[in-house]
Amino acid sequence: MKRKIIGLVLLLACASVLGACGNSKFKADYSLEIPDFEHVNQRGETVSLESLKGKPWIGMYIFTNCVSICPPMSLNMAQVQEKLQKKGVEDYNIVAFSVDPDVDQPDVLADYLSKYNVPDESKWNLLTGYSQKYIEQFAVKNTKILVKNDPNSDQVIHGNQFFLVDKDGVLVKMYNGYAENIEDVPIDTIASDIETYIDENL
């Protein structure tokens with residue numbers, strides 16, 4: 001009888017483990033490996049793919065002289081951080097690649113970020129220190145997002161996506177980072193996805 005009870009307990013334990021594995025709530029939509037990089041952020045610190053590993057990060061492309069989608073994208077990202085803060089989520093970073101690196105020096109990026117009253121500036125990395133050609137190729141090749149200099153103005157054409165990169169440096173999700181109707185920007189979903197990923201993987 002004891003053997004039957006022990007066997008039943010083991011069976012139930014195995015079923016629980018298998019059930020837990022099968023009930024993962026986080027589902028990756030993409031598997032795009034980000035290549036190594038090493039750039040400078042708004043604090044003058046060196047930020048590399050390696051230094052970001054171990055935590056997920058949410059990325060985007062912006063530039064400080066942008067007169068269209070960058071300001072609302074930055075506001076939307078700040079709202080994502082507000083949601084994460086309310087949830088008590090800490091193990092993440094925010095990475096914004098400047099698409100106008102000649103203009104966007106670290107002090108310019110720091111001034112830009114200061115306008116958005118972000119909840120925790122320490123988690124933000126606004127990157128620069130590379131060429132325009134580099135970021136155009138990096139964006140299209142590695143994140144499938146268009147970045148293209150406009151020769152007829154001081155503006156840079158770029159996609160409005162936010163992208164989630166996992167703790168191993170693999171892009172796994174993309175979201176609409178800007179829309180004319182703010183309800184079409186999935187701020188709650190982004191925050192929930194980050195929270196779920198962290199709960200399941202860290």
# chains A, B, ... in the order shown; residues from 1 in each chain; ligands from 1

$ closest_atom_pairs --of "segment 10-90 of chain A" --to "segment 138-158 of chain A" --cutoff "12 Å" --atoms "only C-alpha atoms" --output "JSON lines"
{"residue": "A:Tyr30", "atom": "CA", "partner": "A:Thr143", "partner_atom": "CA", "distance": 9.9}
{"residue": "A:Ser31", "atom": "CA", "partner": "A:Thr143", "partner_atom": "CA", "distance": 10.0}
{"residue": "A:Leu32", "atom": "CA", "partner": "A:Asn142", "partner_atom": "CA", "distance": 6.7}
{"residue": "A:Glu33", "atom": "CA", "partner": "A:Asn142", "partner_atom": "CA", "distance": 7.2}
{"residue": "A:Ile34", "atom": "CA", "partner": "A:Asn142", "partner_atom": "CA", "distance": 6.0}
{"residue": "A:Pro35", "atom": "CA", "partner": "A:Asn142", "partner_atom": "CA", "distance": 7.5}
{"residue": "A:Asp36", "atom": "CA", "partner": "A:Phe138", "partner_atom": "CA", "distance": 10.7}
{"residue": "A:Phe37", "atom": "CA", "partner": "A:Phe138", "partner_atom": "CA", "distance": 9.8}
{"residue": "A:Gly59", "atom": "CA", "partner": "A:Thr143", "partner_atom": "CA", "distance": 9.8}
{"residue": "A:Met60", "atom": "CA", "partner": "A:Ile145", "partner_atom": "CA", "distance": 9.5}
{"residue": "A:Tyr61", "atom": "CA", "partner": "A:His158", "partner_atom": "CA", "distance": 7.1}
{"residue": "A:Ile62", "atom": "CA", "partner": "A:His158", "partner_atom": "CA", "distance": 7.8}
{"residue": "A:Phe63", "atom": "CA", "partner": "A:Val156", "partner_atom": "CA", "distance": 8.0}
{"residue": "A:Thr64", "atom": "CA", "partner": "A:Gln155", "partner_atom": "CA", "distance": 9.9}
{"residue": "A:Asn65", "atom": "CA", "partner": "A:Gln155", "partner_atom": "CA", "distance": 7.3}
{"residue": "A:Cys66", "atom": "CA", "partner": "A:Gln155", "partner_atom": "CA", "distance": 6.3}
{"residue": "A:Val67", "atom": "CA", "partner": "A:Gln155", "partner_atom": "CA", "distance": 7.9}
{"residue": "A:Ser68", "atom": "CA", "partner": "A:Gln155", "partner_atom": "CA", "distance": 9.2}
{"residue": "A:Ile69", "atom": "CA", "partner": "A:His158", "partner_atom": "CA", "distance": 9.1}
{"residue": "A:Cys70", "atom": "CA", "partner": "A:His158", "partner_atom": "CA", "distance": 9.5}
{"residue": "A:Met73", "atom": "CA", "partner": "A:His158", "partner_atom": "CA", "distance": 11.8}

$ select_by_dssp --residues "segment 4-201 of chain A" --states "helix (DSSP H, G or I)" --output "VMD selection string"
chain A and resid 4 to 22 49 to 52 70 to 87 106 to 114 121 to 123 132 to 143 182 to 184 187 to 201

$ closest_residue --among "A:Lys133, A:Lys87, A:Lys115, A:Lys55" --to "Pro101 of chain A" --atoms "only C-alpha atoms"
A:Lys133

$ closest_residue --among "A:Ala28, A:Val108, A:Val95, A:Ile135" --to "Ser122 of chain A" --atoms "only C-alpha atoms"
A:Val95

$ closest_residue --among "A:Gly129, A:Gly54, A:Gly177, A:Gly159" --to "Ala78 of chain A" --atoms "only C-alpha atoms"
A:Gly177

$ residues_around --residues "Leu126 of chain A" --least-positions-apart "3" --cutoff "6 Å" --atoms "only C-alpha atoms" --output "CSV table (one decimal) with C-alpha atoms, in the first residue's frame"
chain,number,residue,atom,x,y,z
A,41,ASN,CA,24.9,56.6,-23.3
A,42,GLN,CA,23.7,60.0,-22.1
A,95,VAL,CA,17.6,51.4,-24.6
A,96,ALA,CA,17.1,54.2,-27.2
A,97,PHE,CA,19.4,54.2,-30.2

$ closest_atom_pairs --of "segment 54-128 of chain A" --to "segment 190-197 of chain A" --cutoff "12 Å" --atoms "only C-alpha atoms" --output "tab-separated table"
residue	atom	partner	partner_atom	distance
A:Lys55	CA	A:Tyr197	CA	9.8
A:Pro56	CA	A:Ile194	CA	7.5
A:Trp57	CA	A:Ile194	CA	8.5
A:Ile58	CA	A:Ile194	CA	8.6
A:Gly59	CA	A:Ile190	CA	11.6
A:Asn76	CA	A:Ile190	CA	10.6
A:Met77	CA	A:Ile190	CA	9.6
A:Ala78	CA	A:Ala191	CA	11.1
A:Gln79	CA	A:Ala191	CA	9.2
A:Val80	CA	A:Ala191	CA	5.8
A:Gln81	CA	A:Ala191	CA	7.6
A:Glu82	CA	A:Ala191	CA	9.0
A:Lys83	CA	A:Ala191	CA	6.2
A:Leu84	CA	A:Ala191	CA	5.7
A:Gln85	CA	A:Ala191	CA	9.5
A:Lys86	CA	A:Ala191	CA	10.0
A:Lys87	CA	A:Glu195	CA	8.0
A:Gly88	CA	A:Glu195	CA	9.1
A:Val89	CA	A:Glu195	CA	6.4
A:Glu90	CA	A:Glu195	CA	9.1
A:Asp91	CA	A:Glu195	CA	9.1
A:Tyr92	CA	A:Ile194	CA	8.0
A:Asn93	CA	A:Ile194	CA	10.4
A:Ile94	CA	A:Ile194	CA	11.4

$ atom_distance --atom1 "atom CA of Val172 of chain A" --atom2 "atom CA of Lys27 of chain A"
8.4 Å
